[in-house]
file structure_8.cif (mmCIF, N, CA, C and O atoms)
data_model
#
loop_
_atom_site.group_PDB
_atom_site.id
_atom_site.type_symbol
_atom_site.label_atom_id
_atom_site.label_comp_id
_atom_site.auth_asym_id
_atom_site.auth_seq_id
_atom_site.Cartn_x
_atom_site.Cartn_y
_atom_site.Cartn_z
ATOM 1 N N ILE A 46 -1.850 47.524 -3.588
ATOM 2 C CA ILE A 46 -0.745 48.282 -3.032
ATOM 3 C C ILE A 46 0.573 47.635 -3.445
ATOM 4 O O ILE A 46 1.525 48.317 -3.794
ATOM 5 N N GLY A 47 0.594 46.304 -3.443
ATOM 6 C CA GLY A 47 1.801 45.598 -3.878
ATOM 7 C C GLY A 47 2.155 45.889 -5.328
ATOM 8 O O GLY A 47 3.327 46.031 -5.676
ATOM 9 N N MET A 48 1.142 46.008 -6.171
ATOM 10 C CA MET A 48 1.396 46.298 -7.582
ATOM 11 C C MET A 48 1.932 47.721 -7.772
ATOM 12 O O MET A 48 2.714 47.962 -8.689
ATOM 13 N N ALA A 49 1.548 48.643 -6.903
ATOM 14 C CA ALA A 49 2.106 49.997 -6.970
ATOM 15 C C ALA A 49 3.610 49.947 -6.711
ATOM 16 O O ALA A 49 4.388 50.658 -7.357
ATOM 17 N N LEU A 50 4.034 49.108 -5.787
ATOM 18 C CA LEU A 50 5.457 48.944 -5.507
ATOM 19 C C LEU A 50 6.172 48.328 -6.708
ATOM 20 O O LEU A 50 7.279 48.733 -7.057
ATOM 21 N N VAL A 51 5.539 47.373 -7.352
ATOM 22 C CA VAL A 51 6.108 46.777 -8.564
ATOM 23 C C VAL A 51 6.253 47.846 -9.653
ATOM 24 O O VAL A 51 7.269 47.889 -10.353
ATOM 25 N N GLU A 52 5.261 48.721 -9.795
ATOM 26 C CA GLU A 52 5.321 49.795 -10.785
ATOM 27 C C GLU A 52 6.504 50.732 -10.536
ATOM 28 O O GLU A 52 7.081 51.277 -11.472
ATOM 29 N N LEU A 53 6.871 50.885 -9.269
ATOM 30 C CA LEU A 53 8.029 51.719 -8.925
ATOM 31 C C LEU A 53 9.350 51.026 -9.252
ATOM 32 O O LEU A 53 10.385 51.677 -9.339
ATOM 33 N N GLY A 54 9.314 49.702 -9.389
ATOM 34 C CA GLY A 54 10.530 48.936 -9.614
ATOM 35 C C GLY A 54 10.982 48.179 -8.378
ATOM 36 O O GLY A 54 12.042 47.570 -8.366
ATOM 37 N N GLY A 55 10.171 48.207 -7.324
ATOM 38 C CA GLY A 55 10.520 47.542 -6.068
ATOM 39 C C GLY A 55 10.087 46.094 -6.012
ATOM 40 O O GLY A 55 10.174 45.464 -4.964
ATOM 41 N N GLY A 56 9.636 45.563 -7.119
ATOM 42 C CA GLY A 56 9.228 44.165 -7.211
ATOM 43 C C GLY A 56 9.392 43.721 -8.646
ATOM 44 O O GLY A 56 9.747 44.510 -9.517
ATOM 45 N N ARG A 57 9.159 42.458 -8.907
ATOM 46 C CA ARG A 57 9.374 41.912 -10.247
ATOM 47 C C ARG A 57 8.069 41.596 -10.951
ATOM 48 O O ARG A 57 7.166 41.038 -10.354
ATOM 49 N N LYS A 58 8.006 41.952 -12.228
ATOM 50 C CA LYS A 58 6.911 41.501 -13.092
ATOM 51 C C LYS A 58 7.291 40.165 -13.718
ATOM 52 O O LYS A 58 6.446 39.315 -13.946
ATOM 53 N N ARG A 59 8.586 40.015 -14.004
ATOM 54 C CA ARG A 59 9.133 38.763 -14.561
ATOM 55 C C ARG A 59 10.335 38.360 -13.705
ATOM 56 O O ARG A 59 10.965 39.205 -13.080
ATOM 57 N N ALA A 60 10.655 37.084 -13.699
ATOM 58 C CA ALA A 60 11.741 36.578 -12.854
ATOM 59 C C ALA A 60 13.074 37.261 -13.140
ATOM 60 O O ALA A 60 13.892 37.449 -12.229
ATOM 61 N N GLU A 61 13.300 37.681 -14.372
ATOM 62 C CA GLU A 61 14.586 38.291 -14.740
ATOM 63 C C GLU A 61 14.655 39.796 -14.433
ATOM 64 O O GLU A 61 15.706 40.407 -14.561
ATOM 65 N N ASP A 62 13.562 40.404 -14.006
ATOM 66 C CA ASP A 62 13.560 41.826 -13.659
ATOM 67 C C ASP A 62 14.436 42.093 -12.437
ATOM 68 O O ASP A 62 14.466 41.296 -11.499
ATOM 69 N N LEU A 63 15.132 43.216 -12.472
ATOM 70 C CA LEU A 63 15.941 43.635 -11.330
ATOM 71 C C LEU A 63 15.068 44.430 -10.364
ATOM 72 O O LEU A 63 14.121 45.098 -10.769
ATOM 73 N N ILE A 64 15.402 44.376 -9.087
ATOM 74 C CA ILE A 64 14.683 45.134 -8.065
ATOM 75 C C ILE A 64 15.472 46.401 -7.759
ATOM 76 O O ILE A 64 16.674 46.356 -7.528
ATOM 77 N N ASP A 65 14.777 47.536 -7.785
ATOM 78 C CA ASP A 65 15.378 48.826 -7.452
ATOM 79 C C ASP A 65 15.211 49.037 -5.951
ATOM 80 O O ASP A 65 14.117 49.279 -5.464
ATOM 81 N N HIS A 66 16.304 48.942 -5.215
ATOM 82 C CA HIS A 66 16.253 49.061 -3.756
ATOM 83 C C HIS A 66 16.142 50.521 -3.290
ATOM 84 O O HIS A 66 16.054 50.773 -2.095
ATOM 85 N N GLY A 67 16.118 51.458 -4.232
ATOM 86 C CA GLY A 67 15.998 52.866 -3.888
ATOM 87 C C GLY A 67 14.567 53.387 -3.928
ATOM 88 O O GLY A 67 14.343 54.576 -3.763
ATOM 89 N N VAL A 68 13.598 52.502 -4.162
ATOM 90 C CA VAL A 68 12.193 52.922 -4.232
ATOM 91 C C VAL A 68 11.420 52.322 -3.067
ATOM 92 O O VAL A 68 11.866 51.357 -2.447
ATOM 93 N N GLY A 69 10.230 52.886 -2.811
ATOM 94 C CA GLY A 69 9.418 52.307 -1.755
ATOM 95 C C GLY A 69 8.201 53.156 -1.442
ATOM 96 O O GLY A 69 8.002 54.223 -2.020
ATOM 97 N N ILE A 70 7.395 52.660 -0.523
ATOM 98 C CA ILE A 70 6.198 53.358 -0.061
ATOM 99 C C ILE A 70 6.230 53.341 1.459
ATOM 100 O O ILE A 70 6.380 52.284 2.067
ATOM 101 N N TYR A 71 6.115 54.515 2.065
ATOM 102 C CA TYR A 71 6.060 54.643 3.515
ATOM 103 C C TYR A 71 4.639 55.043 3.893
ATOM 104 O O TYR A 71 4.119 56.045 3.386
ATOM 105 N N PHE A 72 3.998 54.266 4.753
ATOM 106 C CA PHE A 72 2.648 54.567 5.203
ATOM 107 C C PHE A 72 2.704 55.248 6.570
ATOM 108 O O PHE A 72 3.095 54.634 7.559
ATOM 109 N N ALA A 73 2.306 56.520 6.618
ATOM 110 C CA ALA A 73 2.269 57.276 7.873
ATOM 111 C C ALA A 73 1.005 56.952 8.659
ATOM 112 O O ALA A 73 0.958 57.141 9.871
ATOM 113 N N LYS A 74 -0.017 56.504 7.966
ATOM 114 C CA LYS A 74 -1.286 56.107 8.586
ATOM 115 C C LYS A 74 -1.583 54.676 8.174
ATOM 116 O O LYS A 74 -1.227 54.247 7.086
ATOM 117 N N HIS A 75 -2.250 53.963 9.061
ATOM 118 C CA HIS A 75 -2.583 52.568 8.796
ATOM 119 C C HIS A 75 -4.092 52.365 8.906
ATOM 120 O O HIS A 75 -4.817 53.257 9.375
ATOM 121 N N LEU A 76 -4.551 51.210 8.507
ATOM 122 C CA LEU A 76 -5.966 50.884 8.529
ATOM 123 C C LEU A 76 -6.546 51.152 9.913
ATOM 124 O O LEU A 76 -6.022 50.700 10.924
ATOM 125 N N GLY A 77 -7.614 51.956 9.946
ATOM 126 C CA GLY A 77 -8.282 52.262 11.202
ATOM 127 C C GLY A 77 -7.783 53.517 11.895
ATOM 128 O O GLY A 77 -8.404 53.994 12.835
ATOM 129 N N HIS A 78 -6.646 54.077 11.449
ATOM 130 C CA HIS A 78 -6.126 55.299 12.071
ATOM 131 C C HIS A 78 -6.938 56.504 11.605
ATOM 132 O O HIS A 78 -7.319 56.592 10.440
ATOM 133 N N PRO A 79 -7.197 57.458 12.499
ATOM 134 C CA PRO A 79 -7.894 58.679 12.073
ATOM 135 C C PRO A 79 -6.993 59.528 11.174
ATOM 136 O O PRO A 79 -5.773 59.544 11.343
ATOM 137 N N VAL A 80 -7.610 60.213 10.225
ATOM 138 C CA VAL A 80 -6.886 61.076 9.290
ATOM 139 C C VAL A 80 -7.580 62.427 9.251
ATOM 140 O O VAL A 80 -8.794 62.498 9.111
ATOM 141 N N LYS A 81 -6.806 63.483 9.382
ATOM 142 C CA LYS A 81 -7.339 64.839 9.268
ATOM 143 C C LYS A 81 -7.004 65.391 7.888
ATOM 144 O O LYS A 81 -6.003 65.013 7.281
ATOM 145 N N LYS A 82 -7.858 66.293 7.405
ATOM 146 C CA LYS A 82 -7.647 66.905 6.114
ATOM 147 C C LYS A 82 -6.268 67.562 6.072
ATOM 148 O O LYS A 82 -5.873 68.270 6.994
ATOM 149 N N GLY A 83 -5.534 67.294 5.015
ATOM 150 C CA GLY A 83 -4.210 67.865 4.827
ATOM 151 C C GLY A 83 -3.066 67.035 5.394
ATOM 152 O O GLY A 83 -1.906 67.340 5.151
ATOM 153 N N GLU A 84 -3.390 65.975 6.168
ATOM 154 C CA GLU A 84 -2.345 65.123 6.738
ATOM 155 C C GLU A 84 -1.746 64.206 5.665
ATOM 156 O O GLU A 84 -2.443 63.738 4.779
ATOM 157 N N VAL A 85 -0.467 63.950 5.804
ATOM 158 C CA VAL A 85 0.216 63.002 4.929
ATOM 159 C C VAL A 85 -0.171 61.601 5.372
ATOM 160 O O VAL A 85 -0.066 61.267 6.557
ATOM 161 N N ILE A 86 -0.631 60.783 4.424
ATOM 162 C CA ILE A 86 -0.958 59.401 4.768
ATOM 163 C C ILE A 86 0.077 58.424 4.224
ATOM 164 O O ILE A 86 0.207 57.325 4.735
ATOM 165 N N LEU A 87 0.821 58.847 3.196
ATOM 166 C CA LEU A 87 1.877 57.990 2.672
ATOM 167 C C LEU A 87 2.881 58.822 1.899
ATOM 168 O O LEU A 87 2.589 59.949 1.491
ATOM 169 N N LYS A 88 4.060 58.263 1.716
ATOM 170 C CA LYS A 88 5.098 58.883 0.898
ATOM 171 C C LYS A 88 5.561 57.846 -0.119
ATOM 172 O O LYS A 88 5.729 56.672 0.216
ATOM 173 N N ILE A 89 5.739 58.292 -1.344
ATOM 174 C CA ILE A 89 6.226 57.426 -2.411
ATOM 175 C C ILE A 89 7.661 57.821 -2.715
ATOM 176 O O ILE A 89 7.945 58.996 -2.958
ATOM 177 N N TYR A 90 8.553 56.846 -2.704
ATOM 178 C CA TYR A 90 9.947 57.069 -3.067
ATOM 179 C C TYR A 90 10.169 56.431 -4.438
ATOM 180 O O TYR A 90 10.017 55.227 -4.605
ATOM 181 N N SER A 91 10.483 57.287 -5.419
ATOM 182 C CA SER A 91 10.603 56.845 -6.801
ATOM 183 C C SER A 91 11.873 57.414 -7.416
ATOM 184 O O SER A 91 12.327 58.486 -7.016
ATOM 185 N N ASN A 92 12.405 56.721 -8.401
ATOM 186 C CA ASN A 92 13.589 57.217 -9.102
ATOM 187 C C ASN A 92 13.245 57.896 -10.417
ATOM 188 O O ASN A 92 14.130 58.375 -11.110
ATOM 189 N N ASP A 93 11.955 57.912 -10.780
ATOM 190 C CA ASP A 93 11.537 58.689 -11.944
ATOM 191 C C ASP A 93 10.083 59.128 -11.777
ATOM 192 O O ASP A 93 9.288 58.457 -11.132
ATOM 193 N N GLU A 94 9.770 60.272 -12.341
ATOM 194 C CA GLU A 94 8.465 60.889 -12.146
ATOM 195 C C GLU A 94 7.329 60.042 -12.709
ATOM 196 O O GLU A 94 6.263 59.942 -12.103
ATOM 197 N N SER A 95 7.558 59.407 -13.841
ATOM 198 C CA SER A 95 6.504 58.622 -14.491
ATOM 199 C C SER A 95 6.039 57.454 -13.628
ATOM 200 O O SER A 95 4.834 57.264 -13.421
ATOM 201 N N SER A 96 6.973 56.673 -13.101
ATOM 202 C CA SER A 96 6.571 55.525 -12.275
ATOM 203 C C SER A 96 5.979 55.997 -10.946
ATOM 204 O O SER A 96 5.072 55.360 -10.402
ATOM 205 N N GLY A 97 6.460 57.133 -10.432
ATOM 206 C CA GLY A 97 5.893 57.696 -9.202
ATOM 207 C C GLY A 97 4.441 58.097 -9.386
ATOM 208 O O GLY A 97 3.592 57.821 -8.534
ATOM 209 N N LYS A 98 4.131 58.748 -10.508
ATOM 210 C CA LYS A 98 2.749 59.144 -10.798
ATOM 211 C C LYS A 98 1.855 57.916 -10.991
ATOM 212 O O LYS A 98 0.721 57.891 -10.527
ATOM 213 N N GLN A 99 2.376 56.898 -11.676
ATOM 214 C CA GLN A 99 1.609 55.675 -11.907
ATOM 215 C C GLN A 99 1.319 54.972 -10.576
ATOM 216 O O GLN A 99 0.204 54.512 -10.332
ATOM 217 N N ALA A 100 2.304 54.910 -9.699
ATOM 218 C CA ALA A 100 2.115 54.289 -8.386
ATOM 219 C C ALA A 100 1.101 55.079 -7.564
ATOM 220 O O ALA A 100 0.247 54.495 -6.891
ATOM 221 N N LEU A 101 1.161 56.411 -7.621
ATOM 222 C CA LEU A 101 0.215 57.248 -6.890
ATOM 223 C C LEU A 101 -1.213 56.985 -7.358
ATOM 224 O O LEU A 101 -2.123 56.852 -6.533
ATOM 225 N N GLU A 102 -1.426 56.878 -8.661
ATOM 226 C CA GLU A 102 -2.761 56.584 -9.179
ATOM 227 C C GLU A 102 -3.266 55.238 -8.661
ATOM 228 O O GLU A 102 -4.427 55.121 -8.261
ATOM 229 N N SER A 103 -2.409 54.231 -8.667
ATOM 230 C CA SER A 103 -2.796 52.905 -8.158
ATOM 231 C C SER A 103 -3.145 52.960 -6.678
ATOM 232 O O SER A 103 -4.121 52.358 -6.235
ATOM 233 N N LEU A 104 -2.342 53.676 -5.904
ATOM 234 C CA LEU A 104 -2.587 53.781 -4.470
ATOM 235 C C LEU A 104 -3.867 54.550 -4.172
ATOM 236 O O LEU A 104 -4.627 54.178 -3.284
ATOM 237 N N MET A 105 -4.122 55.604 -4.929
ATOM 238 C CA MET A 105 -5.344 56.383 -4.718
ATOM 239 C C MET A 105 -6.583 55.535 -5.009
ATOM 240 O O MET A 105 -7.613 55.691 -4.357
ATOM 241 N N ALA A 106 -6.471 54.621 -5.962
ATOM 242 C CA ALA A 106 -7.588 53.732 -6.279
ATOM 243 C C ALA A 106 -7.765 52.659 -5.204
ATOM 244 O O ALA A 106 -8.869 52.140 -5.012
ATOM 245 N N ALA A 107 -6.705 52.329 -4.483
ATOM 246 C CA ALA A 107 -6.744 51.250 -3.495
ATOM 247 C C ALA A 107 -7.142 51.727 -2.098
ATOM 248 O O ALA A 107 -7.568 50.929 -1.270
ATOM 249 N N ILE A 108 -7.010 53.021 -1.833
ATOM 250 C CA ILE A 108 -7.250 53.557 -0.495
ATOM 251 C C ILE A 108 -8.607 54.255 -0.454
ATOM 252 O O ILE A 108 -8.939 55.039 -1.338
ATOM 253 N N HIS A 109 -9.356 53.971 0.592
ATOM 254 C CA HIS A 109 -10.671 54.597 0.775
ATOM 255 C C HIS A 109 -10.698 55.265 2.147
ATOM 256 O O HIS A 109 -10.413 54.624 3.156
ATOM 257 N N ILE A 110 -11.023 56.541 2.162
ATOM 258 C CA ILE A 110 -11.125 57.282 3.423
ATOM 259 C C ILE A 110 -12.601 57.551 3.680
ATOM 260 O O ILE A 110 -13.311 58.033 2.808
ATOM 261 N N SER A 111 -13.052 57.215 4.887
ATOM 262 C CA SER A 111 -14.459 57.336 5.236
ATOM 263 C C SER A 111 -14.600 57.987 6.605
ATOM 264 O O SER A 111 -13.679 57.951 7.425
ATOM 265 N N SER A 112 -15.762 58.557 6.847
ATOM 266 C CA SER A 112 -16.038 59.116 8.167
ATOM 267 C C SER A 112 -16.378 58.016 9.173
ATOM 268 O O SER A 112 -16.378 58.247 10.371
ATOM 269 N N LYS A 113 -16.651 56.805 8.667
ATOM 270 C CA LYS A 113 -16.936 55.664 9.537
ATOM 271 C C LYS A 113 -15.643 54.945 9.898
ATOM 272 O O LYS A 113 -14.743 54.810 9.074
ATOM 273 N N LYS A 114 -15.566 54.476 11.122
ATOM 274 C CA LYS A 114 -14.379 53.747 11.568
ATOM 275 C C LYS A 114 -14.330 52.388 10.879
ATOM 276 O O LYS A 114 -15.322 51.664 10.843
ATOM 277 N N SER A 115 -13.169 52.055 10.335
ATOM 278 C CA SER A 115 -12.984 50.775 9.653
ATOM 279 C C SER A 115 -12.625 49.690 10.658
ATOM 280 O O SER A 115 -11.814 49.926 11.558
ATOM 281 N N PRO A 116 -13.191 48.497 10.488
ATOM 282 C CA PRO A 116 -12.764 47.396 11.340
ATOM 283 C C PRO A 116 -11.345 46.977 10.945
ATOM 284 O O PRO A 116 -11.012 46.961 9.763
ATOM 285 N N VAL A 117 -10.522 46.706 11.922
ATOM 286 C CA VAL A 117 -9.154 46.279 11.650
ATOM 287 C C VAL A 117 -9.113 44.756 11.721
ATOM 288 O O VAL A 117 -9.365 44.179 12.776
ATOM 289 N N PRO A 118 -8.804 44.099 10.586
ATOM 290 C CA PRO A 118 -8.792 42.631 10.596
ATOM 291 C C PRO A 118 -7.598 42.094 11.377
ATOM 292 O O PRO A 118 -6.548 42.739 11.450
ATOM 293 N N LYS A 119 -7.790 40.924 11.964
ATOM 294 C CA LYS A 119 -6.665 40.257 12.626
ATOM 295 C C LYS A 119 -5.760 39.676 11.551
ATOM 296 O O LYS A 119 -6.229 38.982 10.663
ATOM 297 N N LEU A 120 -4.488 39.989 11.629
ATOM 298 C CA LEU A 120 -3.552 39.482 10.646
ATOM 299 C C LEU A 120 -2.996 38.129 11.038
ATOM 300 O O LEU A 120 -2.609 37.337 10.206
ATOM 301 N N ILE A 121 -2.954 37.877 12.335
ATOM 302 C CA ILE A 121 -2.466 36.583 12.829
ATOM 303 C C ILE A 121 -3.611 35.916 13.574
ATOM 304 O O ILE A 121 -4.190 36.486 14.486
ATOM 305 N N ARG A 122 -3.912 34.730 13.169
ATOM 306 C CA ARG A 122 -5.019 34.004 13.813
ATOM 307 C C ARG A 122 -4.456 32.795 14.548
ATOM 308 O O ARG A 122 -3.493 32.181 14.117
ATOM 309 N N GLU A 123 -5.097 32.497 15.652
ATOM 310 C CA GLU A 123 -4.656 31.351 16.434
ATOM 311 C C GLU A 123 -5.042 30.061 15.728
ATOM 312 O O GLU A 123 -6.100 29.959 15.127
ATOM 313 N N ARG A 124 -4.178 29.088 15.830
ATOM 314 C CA ARG A 124 -4.455 27.789 15.254
ATOM 315 C C ARG A 124 -5.274 26.974 16.265
ATOM 316 O O ARG A 124 -4.961 26.951 17.444
ATOM 317 N N ILE A 125 -6.316 26.325 15.801
ATOM 318 C CA ILE A 125 -7.171 25.526 16.699
ATOM 319 C C ILE A 125 -6.669 24.106 16.741
ATOM 320 O O ILE A 125 -6.286 23.509 15.828
#
call {"tool": "encode", "arguments": {"input": "structure_8.cif", "output": "structure tokens"}}
result
Amino acid sequence: IGMALVELGGGRKRAEDLIDHGVGIYFAKHLGHPVKKGEVILKIYSNDESSGKQALESLMAAIHISSKKSPVPKLIRERI
């Protein structure tokens, strides 16, 4: 998903690359949320059609929708 943002120009491939602050990805659904057919799960904000299509392909490859409920991992773990 991070690489899709880089493809849009919202991240750097090389240190000298500029970041385009006008691009981004908005997730309307998150891991574990139910999704109905036809619902929007994300929006891609792009400044050109080519990078938008490339980002969409990357995101479609990264996202899996299943009839089974996905376990939601803990992002913050307590230190022992």
call {"tool": "residues_around", "arguments": {"input": "structure_8.cif", "residues": "A:Ser91", "least_positions_apart": "4", "cutoff": "7 Å", "atoms": "only N, CA, C and O atoms", "output": "list in words"}}
result
Leu53, Gly67, Val68, Gly69, Ser96 and Gly97 of chain A
call {"tool": "atom_distance", "arguments": {"input": "structure_8.cif", "atom1": "atom O of A:Val85", "atom2": "atom O of A:Ala73"}}
result
5.4 Å
call {"tool": "resolve_selection", "arguments": {"input": "structure_8.cif", "expression": "the PyMOL selection byres (((chain A and resi 49 and name CA) around 9) and name CA)", "output": "JSON, numbers by chain"}}
result
{"A": [46, 47, 48, 50, 51, 52, 53, 54, 55, 70, 96, 97, 99, 100, 101, 102, 103, 104]}
call {"tool": "write_last_selection", "arguments": {"input": "structure_8.cif", "atoms": "N, CA, C and O atoms", "output": "tab-separated table (two decimals), in the coordinates of the input"}}
result
chain	number	residue	atom	x	y	z
A	46	ILE	N	-1.85	47.52	-3.59
A	46	ILE	CA	-0.74	48.28	-3.03
A	46	ILE	C	0.57	47.64	-3.44
A	46	ILE	O	1.52	48.32	-3.79
A	47	GLY	N	0.59	46.30	-3.44
A	47	GLY	CA	1.80	45.60	-3.88
A	47	GLY	C	2.15	45.89	-5.33
A	47	GLY	O	3.33	46.03	-5.68
A	48	MET	N	1.14	46.01	-6.17
A	48	MET	CA	1.40	46.30	-7.58
A	48	MET	C	1.93	47.72	-7.77
A	48	MET	O	2.71	47.96	-8.69
A	50	LEU	N	4.03	49.11	-5.79
A	50	LEU	CA	5.46	48.94	-5.51
A	50	LEU	C	6.17	48.33	-6.71
A	50	LEU	O	7.28	48.73	-7.06
A	51	VAL	N	5.54	47.37	-7.35
A	51	VAL	CA	6.11	46.78	-8.56
A	51	VAL	C	6.25	47.85	-9.65
A	51	VAL	O	7.27	47.89	-10.35
A	52	GLU	N	5.26	48.72	-9.80
A	52	GLU	CA	5.32	49.80	-10.78
A	52	GLU	C	6.50	50.73	-10.54
A	52	GLU	O	7.08	51.28	-11.47
A	53	LEU	N	6.87	50.88	-9.27
A	53	LEU	CA	8.03	51.72	-8.93
A	53	LEU	C	9.35	51.03	-9.25
A	53	LEU	O	10.38	51.68	-9.34
A	54	GLY	N	9.31	49.70	-9.39
A	54	GLY	CA	10.53	48.94	-9.61
A	54	GLY	C	10.98	48.18	-8.38
A	54	GLY	O	12.04	47.57	-8.37
A	55	GLY	N	10.17	48.21	-7.32
A	55	GLY	CA	10.52	47.54	-6.07
A	55	GLY	C	10.09	46.09	-6.01
A	55	GLY	O	10.17	45.46	-4.96
A	70	ILE	N	7.40	52.66	-0.52
A	70	ILE	CA	6.20	53.36	-0.06
A	70	ILE	C	6.23	53.34	1.46
A	70	ILE	O	6.38	52.28	2.07
A	96	SER	N	6.97	56.67	-13.10
A	96	SER	CA	6.57	55.52	-12.28
A	96	SER	C	5.98	56.00	-10.95
A	96	SER	O	5.07	55.36	-10.40
A	97	GLY	N	6.46	57.13	-10.43
A	97	GLY	CA	5.89	57.70	-9.20
A	97	GLY	C	4.44	58.10	-9.39
A	97	GLY	O	3.59	57.82	-8.53
A	99	GLN	N	2.38	56.90	-11.68
A	99	GLN	CA	1.61	55.68	-11.91
A	99	GLN	C	1.32	54.97	-10.58
A	99	GLN	O	0.20	54.51	-10.33
A	100	ALA	N	2.30	54.91	-9.70
A	100	ALA	CA	2.12	54.29	-8.39
A	100	ALA	C	1.10	55.08	-7.56
A	100	ALA	O	0.25	54.50	-6.89
A	101	LEU	N	1.16	56.41	-7.62
A	101	LEU	CA	0.22	57.25	-6.89
A	101	LEU	C	-1.21	56.98	-7.36
A	101	LEU	O	-2.12	56.85	-6.53
A	102	GLU	N	-1.43	56.88	-8.66
A	102	GLU	CA	-2.76	56.58	-9.18
A	102	GLU	C	-3.27	55.24	-8.66
A	102	GLU	O	-4.43	55.12	-8.26
A	103	SER	N	-2.41	54.23	-8.67
A	103	SER	CA	-2.80	52.90	-8.16
A	103	SER	C	-3.14	52.96	-6.68
A	103	SER	O	-4.12	52.36	-6.24
A	104	LEU	N	-2.34	53.68	-5.90
A	104	LEU	CA	-2.59	53.78	-4.47
A	104	LEU	C	-3.87	54.55	-4.17
A	104	LEU	O	-4.63	54.18	-3.28
call {"tool": "atom_distance", "arguments": {"input": "structure_8.cif", "atom1": "atom CA of A:Lys58", "atom2": "atom CA of A:Ser95"}}
result
17.2 Å
call {"tool": "atom_distance", "arguments": {"input": "structure_8.cif", "atom1": "atom O of A:Gly77", "atom2": "atom O of A:Val117"}}
result
9.9 Å
call {"tool": "select_by_dssp", "arguments": {"input": "structure_8.cif", "residues": "chain A", "states": "strand (DSSP E or B)", "output": "number ranges by chain"}}
result
A: 69-72, 87-90
call {"tool": "closest_residue", "arguments": {"input": "structure_8.cif", "among": "A:His109, A:His66, A:His75, A:Lys114", "to": "A:Tyr90", "atoms": "only C-alpha atoms"}}
result
A:His66
call {"tool": "closest_residue", "arguments": {"input": "structure_8.cif", "among": "A:Gly56, A:Lys98, A:Ile108, A:Asp65", "to": "A:Ile86", "atoms": "only C-alpha atoms"}}
result
A:Ile108
call {"tool": "closest_residue", "arguments": {"input": "structure_8.cif", "among": "A:Tyr71, A:Glu94, A:Val80, A:Ile64", "to": "A:Ile110", "atoms": "only C-alpha atoms"}}
result
A:Val80
